[in-house]
file work_36.cif (mmCIF, C-alpha atoms)
data_start
loop_
_atom_site.label_atom_id
_atom_site.label_comp_id
_atom_site.auth_asym_id
_atom_site.auth_seq_id
_atom_site.Cartn_x
_atom_site.Cartn_y
_atom_site.Cartn_z
CA MET A 1307 21.28 11.82 18.42
CA ILE A 1308 21.16 9.98 15.09
CA THR A 1309 17.86 10.21 13.25
CA THR A 1310 16.86 7.71 10.64
CA ARG A 1311 15.35 9.04 7.48
CA ARG A 1312 12.17 7.15 6.83
CA ASP A 1313 10.58 6.64 3.46
CA VAL A 1314 7.15 5.69 2.27
CA PHE A 1315 8.19 2.07 1.74
CA GLN A 1316 8.97 1.74 5.44
CA ALA A 1317 5.60 3.23 6.27
CA ILE A 1318 3.58 0.77 4.24
CA ALA A 1319 5.71 -2.23 5.19
CA ASP A 1320 3.77 -2.62 8.43
CA PRO A 1321 0.18 -3.93 8.26
CA THR A 1322 -0.96 -1.75 11.16
CA ARG A 1323 0.24 1.37 9.39
CA ARG A 1324 -1.51 0.28 6.20
CA GLN A 1325 -4.72 -0.15 8.20
CA ILE A 1326 -4.31 3.31 9.72
CA ILE A 1327 -3.93 4.78 6.24
CA ASN A 1328 -7.08 2.92 5.13
CA LEU A 1329 -9.00 4.28 8.12
CA ILE A 1330 -8.19 7.90 7.44
CA ALA A 1331 -8.08 7.79 3.64
CA HIS A 1332 -11.65 9.13 3.34
CA GLN A 1333 -12.01 11.21 6.48
CA PRO A 1334 -9.74 12.60 9.17
CA LEU A 1335 -9.99 10.85 12.53
CA ASN A 1336 -8.72 11.78 15.96
CA LEU A 1337 -6.08 9.66 17.63
CA ASN A 1338 -8.56 7.95 19.96
CA ALA A 1339 -10.86 6.98 17.09
CA ILE A 1340 -7.92 5.44 15.25
CA ALA A 1341 -6.67 3.59 18.33
CA ASP A 1342 -10.15 2.18 19.00
CA ASN A 1343 -9.80 0.10 15.83
CA PHE A 1344 -6.79 -1.85 17.11
CA ASP A 1345 -5.99 -4.31 19.87
CA VAL A 1346 -2.70 -2.65 20.72
CA SER A 1347 -1.82 0.11 23.16
CA ARG A 1348 -2.42 3.74 22.35
CA PRO A 1349 1.32 4.47 22.66
CA ALA A 1350 1.93 1.80 20.00
CA ILE A 1351 -0.60 3.48 17.70
CA SER A 1352 1.02 6.84 18.43
CA GLN A 1353 4.37 5.40 17.36
CA HIS A 1354 2.87 4.14 14.09
CA ILE A 1355 1.32 7.55 13.48
CA LYS A 1356 4.67 9.22 14.20
CA ILE A 1357 6.30 7.08 11.51
CA LEU A 1358 3.50 7.89 9.05
CA ILE A 1359 4.01 11.60 9.77
CA GLU A 1360 7.78 11.29 9.24
CA CYS A 1361 7.12 9.61 5.90
CA GLY A 1362 4.73 12.35 4.83
CA LEU A 1363 1.66 10.12 4.64
CA ILE A 1364 -0.24 11.78 7.49
CA ASP A 1365 -0.73 15.34 8.56
CA VAL A 1366 -1.96 16.04 12.10
CA LYS A 1367 -4.09 19.09 12.73
CA LYS A 1368 -5.35 20.41 16.02
CA ASN A 1369 -9.02 21.19 16.41
CA GLY A 1370 -9.56 22.44 19.93
CA ARG A 1371 -8.09 19.84 22.27
CA GLU A 1372 -8.26 17.06 19.67
CA ARG A 1373 -5.60 16.13 17.17
CA TYR A 1374 -6.94 14.83 13.84
CA CYS A 1375 -4.96 12.69 11.43
CA GLU A 1376 -5.49 13.36 7.77
CA ALA A 1377 -4.12 11.19 4.97
CA LYS A 1378 -1.70 12.72 2.49
CA LEU A 1379 -1.64 9.99 -0.12
CA GLY A 1380 0.43 11.79 -2.74
CA GLN A 1381 3.56 10.15 -1.35
CA LEU A 1382 2.16 6.78 -2.44
CA ASN A 1383 2.85 7.81 -6.04
CA GLU A 1384 6.48 6.86 -5.41
CA VAL A 1385 5.36 3.33 -4.54
CA ALA A 1386 3.00 3.16 -7.52
CA GLN A 1387 5.75 4.20 -9.91
CA TRP A 1388 8.15 1.64 -8.48
CA ILE A 1389 5.54 -1.13 -8.74
CA GLU A 1390 4.56 -0.10 -12.27
CA GLN A 1391 7.91 -1.14 -13.73
CA TYR A 1392 7.40 -4.66 -12.40
CA ARG A 1393 3.75 -4.79 -13.41
CA LYS A 1394 4.72 -4.07 -17.01
CA SER A 1395 7.34 -6.80 -16.93
CA TRP A 1396 4.90 -9.34 -15.52
CA ASP A 1397 2.20 -8.31 -18.01
CA GLU A 1398 4.65 -9.00 -20.85
CA ARG A 1399 5.49 -12.40 -19.38
CA PHE A 1400 1.84 -13.32 -18.96
CA ASP A 1401 1.08 -12.19 -22.52
CA LYS A 1402 3.86 -14.47 -23.81
CA MET A 1403 2.52 -17.33 -21.71
CA ASP A 1404 -1.02 -16.71 -23.08
CA ASP A 1405 0.37 -16.82 -26.63
CA LEU A 1406 2.22 -20.07 -25.89
CA LEU A 1407 -0.86 -21.69 -24.34
CA ALA A 1408 -3.02 -20.64 -27.28
CA ARG A 1409 -0.48 -22.05 -29.73
CA LEU A 1410 -0.25 -25.33 -27.78
CA GLN A 1411 -4.03 -25.63 -27.63
CA LYS A 1412 -4.24 -25.03 -31.37
CA GLU A 1413 -1.53 -27.64 -32.03
CA ASN A 1414 -3.27 -30.09 -29.70
CA LYS A 1415 -6.58 -29.50 -31.47
CA ASN A 1416 -4.97 -30.06 -34.90
CA THR A 1417 -3.33 -33.27 -33.64
CA ASP A 1418 -6.67 -34.54 -32.29
CA GLU A 1419 -8.42 -33.77 -35.61
CA GLN A 1420 -5.79 -35.68 -37.59
CA GLN A 1421 -6.25 -38.82 -35.50
#

call {"tool": "encode", "arguments": {"input": "work_36.cif", "output": "structure tokens"}}
result
Amino acid sequence: MITTRRDVFQAIADPTRRQIINLIAHQPLNLNAIADNFDVSRPAISQHIKILIECGLIDVKKNGRERYCEAKLGQLNEVAQWIEQYRKSWDERFDKMDDLLARLQKENKNTDEQQ
């Protein structure tokens, strides 16, 4: 059997998985409590949770007969670092555009004053 290595980017690519992460980010929830928040089957939610576990974003702990999902958000640092390189680039571009707009406004103001 071939297993696919999943990464955190695959986990957050799906909006349902992002919602699951948001649900359990502040407190662990059992599988039924998570599933109650969605209009999809419980097996579908279980599959999403399985992917989140494989990516290291969720840890499941047993408490009696219940299984509780707890967020492990440290893996999201990989995503944050990847995004940061692009944020810096876009910030530089926006700063240049701000400078250009300010210069054009100043030139436009000077032209208006001369007329």

call {"tool": "closest_residue", "arguments": {"input": "work_36.cif", "among": "A:Asp1320, A:Asn1414, A:Arg1373, A:Glu1360", "to": "Ile1340 of chain A", "atoms": "only C-alpha atoms"}}
result
A:Arg1373

call {"tool": "resolve_selection", "arguments": {"input": "work_36.cif", "expression": "the PyMOL selection byres ((chain A and resi 1321-1331) around 10)", "output": "count of residues only"}}
result
31

call {"tool": "atom_distance", "arguments": {"input": "work_36.cif", "atom1": "atom CA of Cys1361 of chain A", "atom2": "atom CA of Arg1348 of chain A"}}
result
19.9 Å

call {"tool": "atom_distance", "arguments": {"input": "work_36.cif", "atom1": "atom CA of Gly1362 of chain A", "atom2": "atom CA of Trp1396 of chain A"}}
result
29.7 Å

call {"tool": "atom_distance", "arguments": {"input": "work_36.cif", "atom1": "atom CA of Asn1369 of chain A", "atom2": "atom CA of Asp1342 of chain A"}}
result
19.2 Å

call {"tool": "decode", "arguments": {"input": "work_36.cif", "residues": "segment 1327-1398 of chain A", "atoms": "C-alpha atoms", "output": "PDB file, in the first residue's frame"}}
result
ATOM      1  CA  ILE A1327      -8.916  23.976  13.385  1.00  0.00           C
ATOM      2  CA  ASN A1328     -10.771  27.179  14.327  1.00  0.00           C
ATOM      3  CA  LEU A1329     -13.265  25.195  16.398  1.00  0.00           C
ATOM      4  CA  ILE A1330     -10.662  23.430  18.492  1.00  0.00           C
ATOM      5  CA  ALA A1331      -8.035  26.186  18.626  1.00  0.00           C
ATOM      6  CA  HIS A1332      -9.192  27.331  22.078  1.00  0.00           C
ATOM      7  CA  GLN A1333     -10.582  24.153  23.586  1.00  0.00           C
ATOM      8  CA  PRO A1334     -10.532  20.449  22.794  1.00  0.00           C
ATOM      9  CA  LEU A1335     -13.793  19.050  21.455  1.00  0.00           C
ATOM     10  CA  ASN A1336     -15.018  15.514  20.980  1.00  0.00           C
ATOM     11  CA  LEU A1337     -15.683  14.201  17.503  1.00  0.00           C
ATOM     12  CA  ASN A1338     -19.460  14.544  17.818  1.00  0.00           C
ATOM     13  CA  ALA A1339     -19.218  18.170  18.949  1.00  0.00           C
ATOM     14  CA  ILE A1340     -17.033  18.952  15.945  1.00  0.00           C
ATOM     15  CA  ALA A1341     -19.317  17.122  13.514  1.00  0.00           C
ATOM     16  CA  ASP A1342     -22.376  18.965  14.867  1.00  0.00           C
ATOM     17  CA  ASN A1343     -20.958  22.175  13.375  1.00  0.00           C
ATOM     18  CA  PHE A1344     -21.078  20.884   9.793  1.00  0.00           C
ATOM     19  CA  ASP A1345     -23.683  19.813   7.270  1.00  0.00           C
ATOM     20  CA  VAL A1346     -21.662  16.828   6.111  1.00  0.00           C
ATOM     21  CA  SER A1347     -21.567  13.232   7.283  1.00  0.00           C
ATOM     22  CA  ARG A1348     -19.650  12.202  10.366  1.00  0.00           C
ATOM     23  CA  PRO A1349     -17.444   9.896   8.265  1.00  0.00           C
ATOM     24  CA  ALA A1350     -16.519  12.921   6.131  1.00  0.00           C
ATOM     25  CA  ILE A1351     -15.559  14.863   9.273  1.00  0.00           C
ATOM     26  CA  SER A1352     -13.596  11.847  10.497  1.00  0.00           C
ATOM     27  CA  GLN A1353     -11.669  11.831   7.219  1.00  0.00           C
ATOM     28  CA  HIS A1354     -10.838  15.534   7.607  1.00  0.00           C
ATOM     29  CA  ILE A1355      -9.690  14.911  11.171  1.00  0.00           C
ATOM     30  CA  LYS A1356      -7.545  11.992   9.986  1.00  0.00           C
ATOM     31  CA  ILE A1357      -5.787  14.304   7.533  1.00  0.00           C
ATOM     32  CA  LEU A1358      -5.270  16.929  10.240  1.00  0.00           C
ATOM     33  CA  ILE A1359      -3.759  14.252  12.488  1.00  0.00           C
ATOM     34  CA  GLU A1360      -1.443  13.068   9.697  1.00  0.00           C
ATOM     35  CA  CYS A1361      -0.287  16.656   9.206  1.00  0.00           C
ATOM     36  CA  GLY A1362       0.395  17.099  12.910  1.00  0.00           C
ATOM     37  CA  LEU A1363      -2.222  19.801  13.453  1.00  0.00           C
ATOM     38  CA  ILE A1364      -4.468  17.747  15.743  1.00  0.00           C
ATOM     39  CA  ASP A1365      -3.812  15.344  18.548  1.00  0.00           C
ATOM     40  CA  VAL A1366      -6.611  12.989  19.632  1.00  0.00           C
ATOM     41  CA  LYS A1367      -6.807  11.921  23.250  1.00  0.00           C
ATOM     42  CA  LYS A1368      -9.160   9.435  24.812  1.00  0.00           C
ATOM     43  CA  ASN A1369     -11.113  10.424  27.895  1.00  0.00           C
ATOM     44  CA  GLY A1370     -13.253   7.482  28.891  1.00  0.00           C
ATOM     45  CA  ARG A1371     -15.251   6.481  25.825  1.00  0.00           C
ATOM     46  CA  GLU A1372     -14.855   9.874  24.163  1.00  0.00           C
ATOM     47  CA  ARG A1373     -12.090  10.949  21.833  1.00  0.00           C
ATOM     48  CA  TYR A1374     -11.145  14.637  22.084  1.00  0.00           C
ATOM     49  CA  CYS A1375      -9.376  16.583  19.370  1.00  0.00           C
ATOM     50  CA  GLU A1376      -6.846  19.119  20.500  1.00  0.00           C
ATOM     51  CA  ALA A1377      -5.167  21.644  18.210  1.00  0.00           C
ATOM     52  CA  LYS A1378      -1.399  21.524  17.809  1.00  0.00           C
ATOM     53  CA  LEU A1379      -0.841  24.800  16.011  1.00  0.00           C
ATOM     54  CA  GLY A1380       2.951  24.810  16.075  1.00  0.00           C
ATOM     55  CA  GLN A1381       2.972  23.230  12.612  1.00  0.00           C
ATOM     56  CA  LEU A1382       1.373  26.406  11.258  1.00  0.00           C
ATOM     57  CA  ASN A1383       4.718  28.158  11.789  1.00  0.00           C
ATOM     58  CA  GLU A1384       5.856  26.537   8.544  1.00  0.00           C
ATOM     59  CA  VAL A1385       2.991  28.254   6.734  1.00  0.00           C
ATOM     60  CA  ALA A1386       3.648  31.573   8.476  1.00  0.00           C
ATOM     61  CA  GLN A1387       7.317  31.499   7.490  1.00  0.00           C
ATOM     62  CA  TRP A1388       6.467  30.707   3.883  1.00  0.00           C
ATOM     63  CA  ILE A1389       3.908  33.526   3.728  1.00  0.00           C
ATOM     64  CA  GLU A1390       6.269  35.987   5.422  1.00  0.00           C
ATOM     65  CA  GLN A1391       8.657  36.052   2.462  1.00  0.00           C
ATOM     66  CA  TYR A1392       5.813  37.152   0.193  1.00  0.00           C
ATOM     67  CA  ARG A1393       4.423  39.623   2.711  1.00  0.00           C
ATOM     68  CA  LYS A1394       7.779  41.390   2.829  1.00  0.00           C
ATOM     69  CA  SER A1395       7.908  41.555  -0.950  1.00  0.00           C
ATOM     70  CA  TRP A1396       4.394  42.984  -1.183  1.00  0.00           C
ATOM     71  CA  ASP A1397       5.094  45.473   1.621  1.00  0.00           C
ATOM     72  CA  GLU A1398       8.089  46.763  -0.356  1.00  0.00           C
TER      73      GLU A1398
END
